[in-house]
file start.cif (mmCIF, C-alpha atoms, pLDDT in the B column; chains and numbers go by the auth columns)
data_work
#
loop_
_atom_site.group_PDB
_atom_site.id
_atom_site.type_symbol
_atom_site.label_atom_id
_atom_site.label_comp_id
_atom_site.label_asym_id
_atom_site.label_seq_id
_atom_site.Cartn_x
_atom_site.Cartn_y
_atom_site.Cartn_z
_atom_site.B_iso_or_equiv
_atom_site.auth_seq_id
_atom_site.auth_asym_id
ATOM 1 C CA MET A 1 -39.783 -63.308 9.107 53.00 1 P
ATOM 2 C CA SER A 2 -41.442 -59.882 9.303 58.00 2 P
ATOM 3 C CA SER A 3 -38.653 -58.413 11.474 57.00 3 P
ATOM 4 C CA LYS A 4 -36.056 -59.528 8.899 61.00 4 P
ATOM 5 C CA LEU A 5 -38.086 -57.901 6.147 50.00 5 P
ATOM 6 C CA PHE A 6 -38.440 -54.721 8.215 47.00 6 P
ATOM 7 C CA SER A 7 -34.675 -54.639 8.830 47.00 7 P
ATOM 8 C CA LEU A 8 -33.942 -55.198 5.155 43.00 8 P
ATOM 9 C CA VAL A 9 -36.314 -52.408 4.117 43.00 9 P
ATOM 10 C CA THR A 10 -34.862 -50.072 6.758 46.00 10 P
ATOM 11 C CA TYR A 11 -31.300 -50.713 5.576 44.00 11 P
ATOM 12 C CA PHE A 12 -32.362 -50.212 1.962 42.00 12 P
ATOM 13 C CA ILE A 13 -34.008 -46.875 2.774 44.00 13 P
ATOM 14 C CA LEU A 14 -30.996 -45.678 4.780 41.00 14 P
ATOM 15 C CA PHE A 15 -28.629 -46.747 1.986 43.00 15 P
ATOM 16 C CA PHE A 16 -30.766 -44.919 -0.569 43.00 16 P
ATOM 17 C CA LEU A 17 -30.945 -41.763 1.523 40.00 17 P
ATOM 18 C CA LEU A 18 -27.238 -41.775 2.258 37.00 18 P
ATOM 19 C CA THR A 19 -26.312 -42.182 -1.393 38.00 19 P
ATOM 20 C CA VAL A 20 -28.660 -39.402 -2.521 39.00 20 P
ATOM 21 C CA VAL A 21 -27.659 -36.814 0.087 41.00 21 P
ATOM 22 C CA ASP A 22 -24.351 -34.990 -0.402 46.00 22 P
ATOM 23 C CA ALA A 23 -23.524 -34.344 3.227 59.00 23 P
ATOM 24 C CA ALA A 24 -21.230 -35.799 5.839 87.00 24 P
ATOM 25 C CA LEU A 25 -23.636 -35.222 8.719 92.00 25 P
ATOM 26 C CA TYR A 26 -26.962 -36.714 7.706 94.00 26 P
ATOM 27 C CA VAL A 27 -29.855 -35.871 10.060 95.00 27 P
ATOM 28 C CA VAL A 28 -32.137 -38.901 10.447 96.00 28 P
ATOM 29 C CA THR A 29 -34.645 -37.495 12.951 95.00 29 P
ATOM 30 C CA PRO A 30 -36.698 -35.445 13.113 95.00 30 P
ATOM 31 C CA LEU A 31 -37.994 -36.701 9.782 93.00 31 P
ATOM 32 C CA SER A 32 -39.735 -34.553 7.231 93.00 32 P
ATOM 33 C CA GLY A 33 -43.369 -34.444 8.308 91.00 33 P
ATOM 34 C CA SER A 34 -42.651 -35.439 11.914 96.00 34 P
ATOM 35 C CA THR A 35 -43.638 -33.229 14.850 96.00 35 P
ATOM 36 C CA CYS A 36 -41.770 -31.694 17.777 96.00 36 P
ATOM 37 C CA ARG A 37 -43.999 -30.189 20.458 95.00 37 P
ATOM 38 C CA GLY A 38 -43.201 -27.219 22.634 95.00 38 P
ATOM 39 C CA GLY A 39 -42.375 -28.219 26.192 94.00 39 P
ATOM 40 C CA GLN A 40 -41.874 -31.898 25.291 95.00 40 P
ATOM 41 C CA PRO A 41 -38.612 -33.756 24.546 96.00 41 P
ATOM 42 C CA CYS A 42 -37.614 -33.940 20.870 97.00 42 P
ATOM 43 C CA THR A 43 -34.857 -36.387 19.896 97.00 43 P
ATOM 44 C CA VAL A 44 -32.399 -35.531 17.135 97.00 44 P
ATOM 45 C CA THR A 45 -30.287 -38.280 15.528 97.00 45 P
ATOM 46 C CA TRP A 46 -27.758 -38.266 12.700 96.00 46 P
ATOM 47 C CA LEU A 47 -25.337 -40.502 10.820 96.00 47 P
ATOM 48 C CA ASP A 48 -22.008 -40.091 9.087 93.00 48 P
ATOM 49 C CA ASP A 49 -22.553 -40.780 5.389 89.00 49 P
ATOM 50 C CA GLY A 50 -18.869 -41.464 4.776 89.00 50 P
ATOM 51 C CA GLN A 51 -18.275 -38.365 2.648 89.00 51 P
ATOM 52 C CA ALA A 52 -15.880 -35.589 3.593 89.00 52 P
ATOM 53 C CA PRO A 53 -15.924 -33.971 5.998 92.00 53 P
ATOM 54 C CA LEU A 54 -16.405 -36.937 8.323 92.00 54 P
ATOM 55 C CA LEU A 55 -18.071 -36.495 11.701 94.00 55 P
ATOM 56 C CA SER A 56 -14.638 -36.849 13.307 92.00 56 P
ATOM 57 C CA ALA A 57 -13.528 -33.723 11.412 92.00 57 P
ATOM 58 C CA ILE A 58 -16.752 -31.776 12.020 94.00 58 P
ATOM 59 C CA GLY A 59 -16.406 -32.129 15.803 93.00 59 P
ATOM 60 C CA VAL A 60 -18.244 -29.647 18.006 96.00 60 P
ATOM 61 C CA THR A 61 -21.219 -27.925 16.389 96.00 61 P
ATOM 62 C CA HIS A 62 -23.486 -25.103 17.397 96.00 62 P
ATOM 63 C CA VAL A 63 -27.071 -26.318 17.000 97.00 63 P
ATOM 64 C CA ALA A 64 -30.141 -24.128 16.731 97.00 64 P
ATOM 65 C CA LEU A 65 -33.811 -24.305 15.804 97.00 65 P
ATOM 66 C CA TYR A 66 -34.736 -22.148 12.822 97.00 66 P
ATOM 67 C CA THR A 67 -37.660 -21.299 10.603 94.00 67 P
ATOM 68 C CA GLY A 68 -37.724 -19.612 7.204 90.00 68 P
ATOM 69 C CA THR A 69 -34.364 -18.395 5.906 90.00 69 P
ATOM 70 C CA LEU A 70 -32.188 -18.926 8.973 89.00 70 P
ATOM 71 C CA LYS A 71 -34.582 -17.090 11.281 95.00 71 P
ATOM 72 C CA LEU A 72 -33.272 -18.171 14.685 97.00 72 P
ATOM 73 C CA VAL A 73 -35.971 -19.230 17.143 95.00 73 P
ATOM 74 C CA GLN A 74 -33.991 -21.195 19.766 97.00 74 P
ATOM 75 C CA THR A 75 -30.309 -21.870 20.434 97.00 75 P
ATOM 76 C CA LEU A 76 -29.360 -25.282 21.779 97.00 76 P
ATOM 77 C CA PRO A 77 -26.263 -26.475 23.643 96.00 77 P
ATOM 78 C CA PRO A 78 -23.217 -27.313 21.470 97.00 78 P
ATOM 79 C CA VAL A 79 -22.908 -30.965 20.439 96.00 79 P
ATOM 80 C CA ASP A 80 -19.770 -32.921 19.546 96.00 80 P
ATOM 81 C CA VAL A 81 -21.077 -34.908 16.560 96.00 81 P
ATOM 82 C CA SER A 82 -17.840 -36.914 16.455 94.00 82 P
ATOM 83 C CA SER A 83 -18.571 -38.540 19.826 96.00 83 P
ATOM 84 C CA THR A 84 -22.372 -38.931 19.838 95.00 84 P
ATOM 85 C CA LEU A 85 -25.082 -39.578 17.255 97.00 85 P
ATOM 86 C CA SER A 86 -28.062 -38.054 19.071 97.00 86 P
ATOM 87 C CA PHE A 87 -29.305 -35.597 21.641 97.00 87 P
ATOM 88 C CA THR A 88 -32.662 -34.599 23.065 97.00 88 P
ATOM 89 C CA PHE A 89 -33.865 -31.050 23.548 96.00 89 P
ATOM 90 C CA THR A 90 -37.089 -29.454 24.711 96.00 90 P
ATOM 91 C CA PRO A 91 -38.430 -26.892 22.241 96.00 91 P
ATOM 92 C CA ASN A 92 -39.504 -23.624 23.831 95.00 92 P
ATOM 93 C CA PRO A 93 -43.318 -23.412 23.487 93.00 93 P
ATOM 94 C CA ALA A 94 -42.916 -19.681 22.745 91.00 94 P
ATOM 95 C CA ALA A 95 -40.411 -20.306 19.928 89.00 95 P
ATOM 96 C CA GLY A 96 -42.933 -19.456 17.242 90.00 96 P
ATOM 97 C CA PRO A 97 -46.292 -20.308 15.695 92.00 97 P
ATOM 98 C CA ASN A 98 -47.433 -23.813 14.753 94.00 98 P
ATOM 99 C CA SER A 99 -45.922 -24.591 11.363 94.00 99 P
ATOM 100 C CA ASP A 100 -44.289 -27.212 9.126 95.00 100 P
ATOM 101 C CA ALA A 101 -41.420 -24.795 8.407 95.00 101 P
ATOM 102 C CA TYR A 102 -38.942 -25.564 11.210 97.00 102 P
ATOM 103 C CA TYR A 103 -35.513 -27.162 10.948 97.00 103 P
ATOM 104 C CA LEU A 104 -32.268 -27.557 12.868 97.00 104 P
ATOM 105 C CA ALA A 105 -28.905 -26.249 11.692 97.00 105 P
ATOM 106 C CA PHE A 106 -25.583 -27.745 12.796 97.00 106 P
ATOM 107 C CA THR A 107 -22.645 -25.337 12.358 96.00 107 P
ATOM 108 C CA SER A 108 -19.147 -26.708 12.936 95.00 108 P
ATOM 109 C CA THR A 109 -16.800 -24.742 15.175 93.00 109 P
ATOM 110 C CA GLU A 110 -13.812 -26.590 13.681 88.00 110 P
ATOM 111 C CA THR A 111 -14.362 -27.379 9.995 86.00 111 P
ATOM 112 C CA LYS A 112 -14.575 -25.069 7.016 87.00 112 P
ATOM 113 C CA VAL A 113 -15.718 -26.043 3.525 85.00 113 P
ATOM 114 C CA ASN A 114 -14.639 -23.768 0.668 82.00 114 P
ATOM 115 C CA GLY A 115 -13.653 -21.106 3.201 85.00 115 P
ATOM 116 C CA SER A 116 -17.042 -21.077 4.958 88.00 116 P
ATOM 117 C CA GLU A 117 -18.225 -22.699 8.165 90.00 117 P
ATOM 118 C CA TYR A 118 -19.475 -26.231 7.584 93.00 118 P
ATOM 119 C CA ARG A 119 -23.229 -26.211 8.077 94.00 119 P
ATOM 120 C CA GLU A 120 -25.777 -29.003 7.728 95.00 120 P
ATOM 121 C CA TYR A 121 -29.555 -28.923 8.108 96.00 121 P
ATOM 122 C CA SER A 122 -32.248 -31.296 9.269 96.00 122 P
ATOM 123 C CA PRO A 123 -35.302 -31.916 7.113 96.00 123 P
ATOM 124 C CA TRP A 124 -38.239 -29.524 7.608 96.00 124 P
ATOM 125 C CA PHE A 125 -40.489 -30.687 10.425 96.00 125 P
ATOM 126 C CA ARG A 126 -43.623 -29.532 12.209 96.00 126 P
ATOM 127 C CA PHE A 127 -43.440 -27.550 15.427 95.00 127 P
ATOM 128 C CA LEU A 128 -46.511 -27.271 17.637 94.00 128 P
ATOM 129 C CA ARG A 129 -46.296 -24.607 20.324 86.00 129 P
ATOM 130 C CA GLN A 130 -48.084 -26.571 23.011 71.00 130 P
ATOM 131 C CA PRO A 131 -49.600 -30.011 23.304 55.00 131 P
ATOM 132 C CA PRO A 132 -53.394 -30.140 23.049 55.00 132 P
ATOM 133 C CA SER A 133 -55.045 -29.466 26.368 54.00 133 P
ATOM 134 C CA PHE A 134 -58.534 -29.373 27.777 49.00 134 P
ATOM 135 C CA ARG A 135 -58.396 -25.565 28.008 53.00 135 P
ATOM 136 C CA ASN A 136 -57.319 -25.253 24.348 50.00 136 P
ATOM 137 C CA GLU A 137 -60.182 -27.525 23.307 48.00 137 P
ATOM 138 C CA LEU A 138 -62.679 -25.377 25.232 49.00 138 P
ATOM 139 C CA ASN A 139 -61.257 -22.228 23.669 52.00 139 P
ATOM 140 C CA SER A 140 -61.589 -23.815 20.228 51.00 140 P
ATOM 141 C CA GLY A 141 -65.371 -23.872 20.570 51.00 141 P
ATOM 142 C CA ALA A 142 -65.780 -27.509 21.574 49.00 142 P
ATOM 143 C CA LYS A 143 -69.051 -28.188 23.332 49.00 143 P
ATOM 144 C CA LEU A 144 -69.342 -30.255 26.476 47.00 144 P
ATOM 145 C CA ALA A 145 -71.962 -32.965 26.409 49.00 145 P
ATOM 146 C CA TYR A 146 -74.066 -33.553 29.495 47.00 146 P
ATOM 147 C CA HIS A 147 -77.055 -35.653 30.307 48.00 147 P
ATOM 148 C CA GLN A 148 -80.454 -33.895 30.287 51.00 148 P
ATOM 149 C CA SER A 149 -81.188 -35.151 33.818 49.00 149 P
ATOM 150 C CA LEU A 150 -78.362 -32.956 35.121 47.00 150 P
ATOM 151 C CA HIS A 151 -80.030 -29.925 33.589 48.00 151 P
ATOM 152 C CA ASP A 152 -83.458 -30.946 34.981 50.00 152 P
ATOM 153 C CA ARG A 153 -82.000 -31.525 38.456 48.00 153 P
ATOM 154 C CA SER A 154 -80.298 -28.145 38.330 47.00 154 P
ATOM 155 C CA VAL A 155 -83.569 -26.386 37.446 47.00 155 P
ATOM 156 C CA HIS A 156 -85.422 -28.307 40.149 48.00 156 P
ATOM 157 C CA ASP A 157 -82.799 -27.527 42.807 50.00 157 P
ATOM 158 C CA HIS A 158 -82.877 -23.813 41.976 48.00 158 P
ATOM 159 C CA SER A 159 -86.654 -23.628 42.287 48.00 159 P
ATOM 160 C CA ARG A 160 -86.534 -25.309 45.671 48.00 160 P
ATOM 161 C CA ASN A 161 -83.887 -22.878 46.951 49.00 161 P
ATOM 162 C CA SER A 162 -85.462 -19.720 45.578 47.00 162 P
ATOM 163 C CA VAL A 163 -86.800 -17.063 47.895 51.00 163 P
ATOM 164 C CA ASN A 164 -90.463 -16.029 47.446 48.00 164 P
#

call {"tool": "encode", "arguments": {"input": "start.cif", "output": "structure tokens"}}
result
Amino acid sequence: MSSKLFSLVTYFILFFLLTVVDAALYVVTPLSGSTCRGGQPCTVTWLDDGQAPLLSAIGVTHVALYTGTLKLVQTLPPVDVSSTLSFTFTPNPAAGPNSDAYYLAFTSTETKVNGSEYREYSPWFRFLRQPPSFRNELNSGAKLAYHQSLHDRSVHDHSRNSVN
């Protein structure tokens, strides 16, 4: 019963999103508020919303990671959106600072709209330069806990090995 309800809700949300958005290529993931991490795979998926131009007309697109007003931070391999609905890329950890202001742009090599290249954007998403690591946690000022007996043993061992 719960899986049917989940499916129904998912279809309702997708229908709502597709009817609100005026775009042929509708980027589903990454979602607004989701995170792509530098050095780790990030999956991008999209749908055809049935409005012109259709994915079959858009064809091969140049895809790139941007921030701000089309500030290019990483180019990605071209993707034929008419023959696939997803790809996975690994964001460059040096692409830019941690921020919620990153997005992908798909620019068609084949289709023009009103005399300009057809371009569609993903929602804004978070980019984190590197995954958390032990070294980063130490650099952040985290303190290591240790048992007092280790400290006492260390003091005792040093006194025994000292030269008089």

call {"tool": "closest_residue", "arguments": {"input": "start.cif", "among": "P:Val73, P:Val28, P:Gln51, P:Val79", "to": "Asn92 in chain P", "atoms": "only C-alpha atoms"}}
result
P:Val73

call {"tool": "resolve_selection", "arguments": {"input": "start.cif", "expression": "the PyMOL selection byres ((chain P and resi 102) around 10)", "output": "PyMOL selection string"}}
result
chain P and resi 32+35-36+65-68+70-73+96+98-101+103-104+122-127

call {"tool": "resolve_selection", "arguments": {"input": "start.cif", "expression": "the PyMOL selection byres ((chain P and resi 57) around 10)", "output": "VMD selection string"}}
result
chain P and resid 24 52 to 56 58 to 60 81 to 82 108 110 to 112

call {"tool": "atom_distance", "arguments": {"input": "start.cif", "atom1": "CA of Gln74 in chain P", "atom2": "CA of Ser116 in chain P"}}
result
22.5 Å

call {"tool": "axis_aligned_box", "arguments": {"input": "start.cif", "around": "range 58-65 of chain P", "padding_each_side": "6 Å", "output": "JSON"}}
result
{"center_x": -25.1, "center_y": -28.1, "center_z": 15.0, "size_x": 29.4, "size_y": 20.0, "size_z": 18.0}

call {"tool": "atom_distance", "arguments": {"input": "start.cif", "atom1": "CA of Asn114 in chain P", "atom2": "CA of Thr45 in chain P"}}
result
26.0 Å

call {"tool": "resolve_selection", "arguments": {"input": "start.cif", "expression": "the PyMOL selection byres ((chain P and resi 77) around 8)", "output": "list in words"}}
result
His62, Val63, Thr75, Leu76, Pro78 and Val79 of chain P

call {"tool": "write_last_selection", "arguments": {"input": "start.cif", "atoms": "C-alpha atoms", "output": "short mmCIF file (atom, residue, chain, number, x, y, z; two decimals), in the frame of the given file"}}
result
data_model
loop_
_atom_site.label_atom_id
_atom_site.label_comp_id
_atom_site.auth_asym_id
_atom_site.auth_seq_id
_atom_site.Cartn_x
_atom_site.Cartn_y
_atom_site.Cartn_z
CA HIS P 62 -23.49 -25.10 17.40
CA VAL P 63 -27.07 -26.32 17.00
CA THR P 75 -30.31 -21.87 20.43
CA LEU P 76 -29.36 -25.28 21.78
CA PRO P 78 -23.22 -27.31 21.47
CA VAL P 79 -22.91 -30.96 20.44
#

call {"tool": "residues_around", "arguments": {"input": "start.cif", "residues": "Tyr26 in chain P", "least_positions_apart": "3", "cutoff": "7 Å", "atoms": "all atoms listed in the file", "output": "PyMOL selection string"}}
result
chain P and resi 23+46-49

call {"tool": "residues_around", "arguments": {"input": "start.cif", "residues": "Arg119 in chain P", "least_positions_apart": "3", "cutoff": "8 Å", "atoms": "all atoms listed in the file", "output": "list in words"}}
result
Ala105, Phe106, Thr107 and Ser108 of chain P

call {"tool": "write_last_selection", "arguments": {"input": "start.cif", "atoms": "C-alpha atoms", "output": "PDB file, in the frame of the given file"}}
result
ATOM      1  CA  ALA P 105     -28.905 -26.249  11.692  1.00 97.00           C
ATOM      2  CA  PHE P 106     -25.583 -27.745  12.796  1.00 97.00           C
ATOM      3  CA  THR P 107     -22.645 -25.337  12.358  1.00 96.00           C
ATOM      4  CA  SER P 108     -19.147 -26.708  12.936  1.00 95.00           C
TER       5      SER P 108
END

call {"tool": "atom_distance", "arguments": {"input": "start.cif", "atom1": "CA of Gln40 in chain P", "atom2": "CA of Thr88 in chain P"}}
result
9.9 Å

call {"tool": "closest_residue", "arguments": {"input": "start.cif", "among": "P:Val113, P:Val44, P:Leu128, P:Val27", "to": "Ala95 in chain P", "atoms": "only C-alpha atoms"}}
result
P:Leu128

call {"tool": "closest_residue", "arguments": {"input": "start.cif", "among": "P:Thr61, P:Ser34, P:Pro93, P:Gly50", "to": "Asp80 in chain P", "atoms": "all atoms listed in the file"}}
result
P:Thr61

call {"tool": "closest_residue", "arguments": {"input": "start.cif", "among": "P:Pro97, P:Leu85, P:Gln130, P:Leu25", "to": "Pro41 in chain P", "atoms": "all atoms listed in the file"}}
result
P:Gln130

call {"tool": "decode", "arguments": {"input": "start.cif", "residues": "range 7-116 of chain P", "atoms": "C-alpha atoms", "output": "mmCIF file, in the first residue's frame"}}
result
data_model
loop_
_atom_site.group_PDB
_atom_site.id
_atom_site.type_symbol
_atom_site.label_atom_id
_atom_site.label_comp_id
_atom_site.auth_asym_id
_atom_site.auth_seq_id
_atom_site.Cartn_x
_atom_site.Cartn_y
_atom_site.Cartn_z
ATOM 1 C CA SER P 7 4.349 6.144 -6.682
ATOM 2 C CA LEU P 8 1.158 8.178 -6.877
ATOM 3 C CA VAL P 9 2.741 11.095 -5.013
ATOM 4 C CA THR P 10 5.868 10.900 -7.188
ATOM 5 C CA TYR P 11 3.818 10.973 -10.395
ATOM 6 C CA PHE P 12 1.753 13.872 -9.062
ATOM 7 C CA ILE P 13 4.878 15.879 -8.219
ATOM 8 C CA LEU P 14 6.461 15.169 -11.614
ATOM 9 C CA PHE P 15 3.222 16.112 -13.393
ATOM 10 C CA PHE P 16 3.025 19.339 -11.398
ATOM 11 C CA LEU P 17 6.642 20.237 -12.089
ATOM 12 C CA LEU P 18 6.363 19.457 -15.776
ATOM 13 C CA THR P 19 3.247 21.571 -16.192
ATOM 14 C CA VAL P 20 4.753 24.540 -14.339
ATOM 15 C CA VAL P 21 8.118 24.585 -16.122
ATOM 16 C CA ASP P 22 8.235 26.006 -19.654
ATOM 17 C CA ALA P 23 11.111 23.954 -20.990
ATOM 18 C CA ALA P 24 11.559 20.949 -23.221
ATOM 19 C CA LEU P 25 14.548 19.591 -21.313
ATOM 20 C CA TYR P 26 13.561 19.433 -17.664
ATOM 21 C CA VAL P 27 16.448 18.663 -15.278
ATOM 22 C CA VAL P 28 15.246 16.354 -12.491
ATOM 23 C CA THR P 29 18.526 15.865 -10.609
ATOM 24 C CA PRO P 30 20.427 17.404 -9.040
ATOM 25 C CA LEU P 31 17.472 18.844 -7.158
ATOM 26 C CA SER P 32 17.401 22.272 -5.613
ATOM 27 C CA GLY P 33 19.043 21.888 -2.216
ATOM 28 C CA SER P 34 20.854 18.660 -3.114
ATOM 29 C CA THR P 35 24.642 18.353 -2.922
ATOM 30 C CA CYS P 36 27.362 17.349 -5.372
ATOM 31 C CA ARG P 37 30.775 16.791 -3.802
ATOM 32 C CA GLY P 38 34.119 17.424 -5.415
ATOM 33 C CA GLY P 39 35.869 14.217 -6.413
ATOM 34 C CA GLN P 40 32.705 12.105 -6.062
ATOM 35 C CA PRO P 41 30.242 11.014 -8.782
ATOM 36 C CA CYS P 42 27.238 13.302 -9.309
ATOM 37 C CA THR P 43 24.336 11.974 -11.394
ATOM 38 C CA VAL P 44 22.357 14.294 -13.653
ATOM 39 C CA THR P 45 18.937 13.222 -14.978
ATOM 40 C CA TRP P 46 16.344 14.967 -17.130
ATOM 41 C CA LEU P 47 12.994 14.432 -18.829
ATOM 42 C CA ASP P 48 11.282 15.665 -21.961
ATOM 43 C CA ASP P 49 8.267 17.713 -20.883
ATOM 44 C CA GLY P 50 6.576 17.359 -24.264
ATOM 45 C CA GLN P 51 6.925 21.024 -25.228
ATOM 46 C CA ALA P 52 8.903 22.234 -28.221
ATOM 47 C CA PRO P 53 11.715 21.786 -28.769
ATOM 48 C CA LEU P 54 11.570 18.076 -27.963
ATOM 49 C CA LEU P 55 14.672 16.228 -26.804
ATOM 50 C CA SER P 56 14.861 14.626 -30.252
ATOM 51 C CA ALA P 57 15.286 18.115 -31.751
ATOM 52 C CA ILE P 58 17.698 19.361 -29.070
ATOM 53 C CA GLY P 59 20.138 16.508 -29.756
ATOM 54 C CA VAL P 60 23.756 16.961 -28.709
ATOM 55 C CA THR P 61 24.353 19.535 -25.979
ATOM 56 C CA HIS P 62 27.418 21.078 -24.450
ATOM 57 C CA VAL P 63 27.116 20.724 -20.673
ATOM 58 C CA ALA P 64 29.017 22.731 -18.095
ATOM 59 C CA LEU P 65 29.026 23.501 -14.385
ATOM 60 C CA TYR P 66 28.471 27.169 -13.588
ATOM 61 C CA THR P 67 28.050 29.511 -10.666
ATOM 62 C CA GLY P 68 26.699 33.056 -10.566
ATOM 63 C CA THR P 69 25.821 34.580 -13.938
ATOM 64 C CA LEU P 70 27.228 31.950 -16.288
ATOM 65 C CA LYS P 71 30.622 31.899 -14.582
ATOM 66 C CA LEU P 72 32.102 28.701 -16.017
ATOM 67 C CA VAL P 73 33.780 26.457 -13.449
ATOM 68 C CA GLN P 74 33.970 23.095 -15.272
ATOM 69 C CA THR P 75 33.216 21.878 -18.794
ATOM 70 C CA LEU P 76 31.757 18.403 -19.182
ATOM 71 C CA PRO P 77 31.658 16.038 -22.164
ATOM 72 C CA PRO P 78 28.874 16.678 -24.720
ATOM 73 C CA VAL P 79 25.674 14.688 -24.173
ATOM 74 C CA ASP P 80 23.067 13.635 -26.736
ATOM 75 C CA VAL P 81 19.887 14.308 -24.734
ATOM 76 C CA SER P 82 17.798 12.676 -27.471
ATOM 77 C CA SER P 83 19.341 9.253 -26.806
ATOM 78 C CA THR P 84 19.921 9.238 -23.029
ATOM 79 C CA LEU P 85 18.212 10.719 -19.976
ATOM 80 C CA SER P 86 21.172 10.818 -17.581
ATOM 81 C CA PHE P 87 24.911 10.958 -17.150
ATOM 82 C CA THR P 88 27.325 10.967 -14.240
ATOM 83 C CA PHE P 89 30.254 13.320 -13.835
ATOM 84 C CA THR P 90 32.840 13.933 -11.146
ATOM 85 C CA PRO P 91 33.011 17.579 -10.082
ATOM 86 C CA ASN P 92 36.532 18.966 -9.868
ATOM 87 C CA PRO P 93 37.249 19.634 -6.160
ATOM 88 C CA ALA P 94 39.059 22.834 -7.218
ATOM 89 C CA ALA P 95 36.063 24.106 -9.220
ATOM 90 C CA GLY P 96 35.216 26.736 -6.639
ATOM 91 C CA PRO P 97 34.267 27.411 -3.027
ATOM 92 C CA ASN P 98 31.543 25.574 -1.108
ATOM 93 C CA SER P 99 28.247 27.197 -2.048
ATOM 94 C CA ASP P 100 24.557 26.682 -2.863
ATOM 95 C CA ALA P 101 24.991 28.725 -6.062
ATOM 96 C CA TYR P 102 25.984 26.078 -8.629
ATOM 97 C CA TYR P 103 24.007 24.836 -11.617
ATOM 98 C CA LEU P 104 24.437 23.006 -14.908
ATOM 99 C CA ALA P 105 23.707 24.513 -18.314
ATOM 100 C CA PHE P 106 22.810 22.427 -21.370
ATOM 101 C CA THR P 107 23.427 24.267 -24.665
ATOM 102 C CA SER P 108 22.191 22.616 -27.858
ATOM 103 C CA THR P 109 24.590 22.359 -30.785
ATOM 104 C CA GLU P 110 21.651 21.805 -33.158
ATOM 105 C CA THR P 111 18.580 23.772 -32.056
ATOM 106 C CA LYS P 112 17.972 27.497 -31.983
ATOM 107 C CA VAL P 113 15.052 29.240 -30.288
ATOM 108 C CA ASN P 114 14.229 32.763 -31.478
ATOM 109 C CA GLY P 115 17.590 32.915 -33.253
ATOM 110 C CA SER P 116 19.621 31.992 -30.155
#
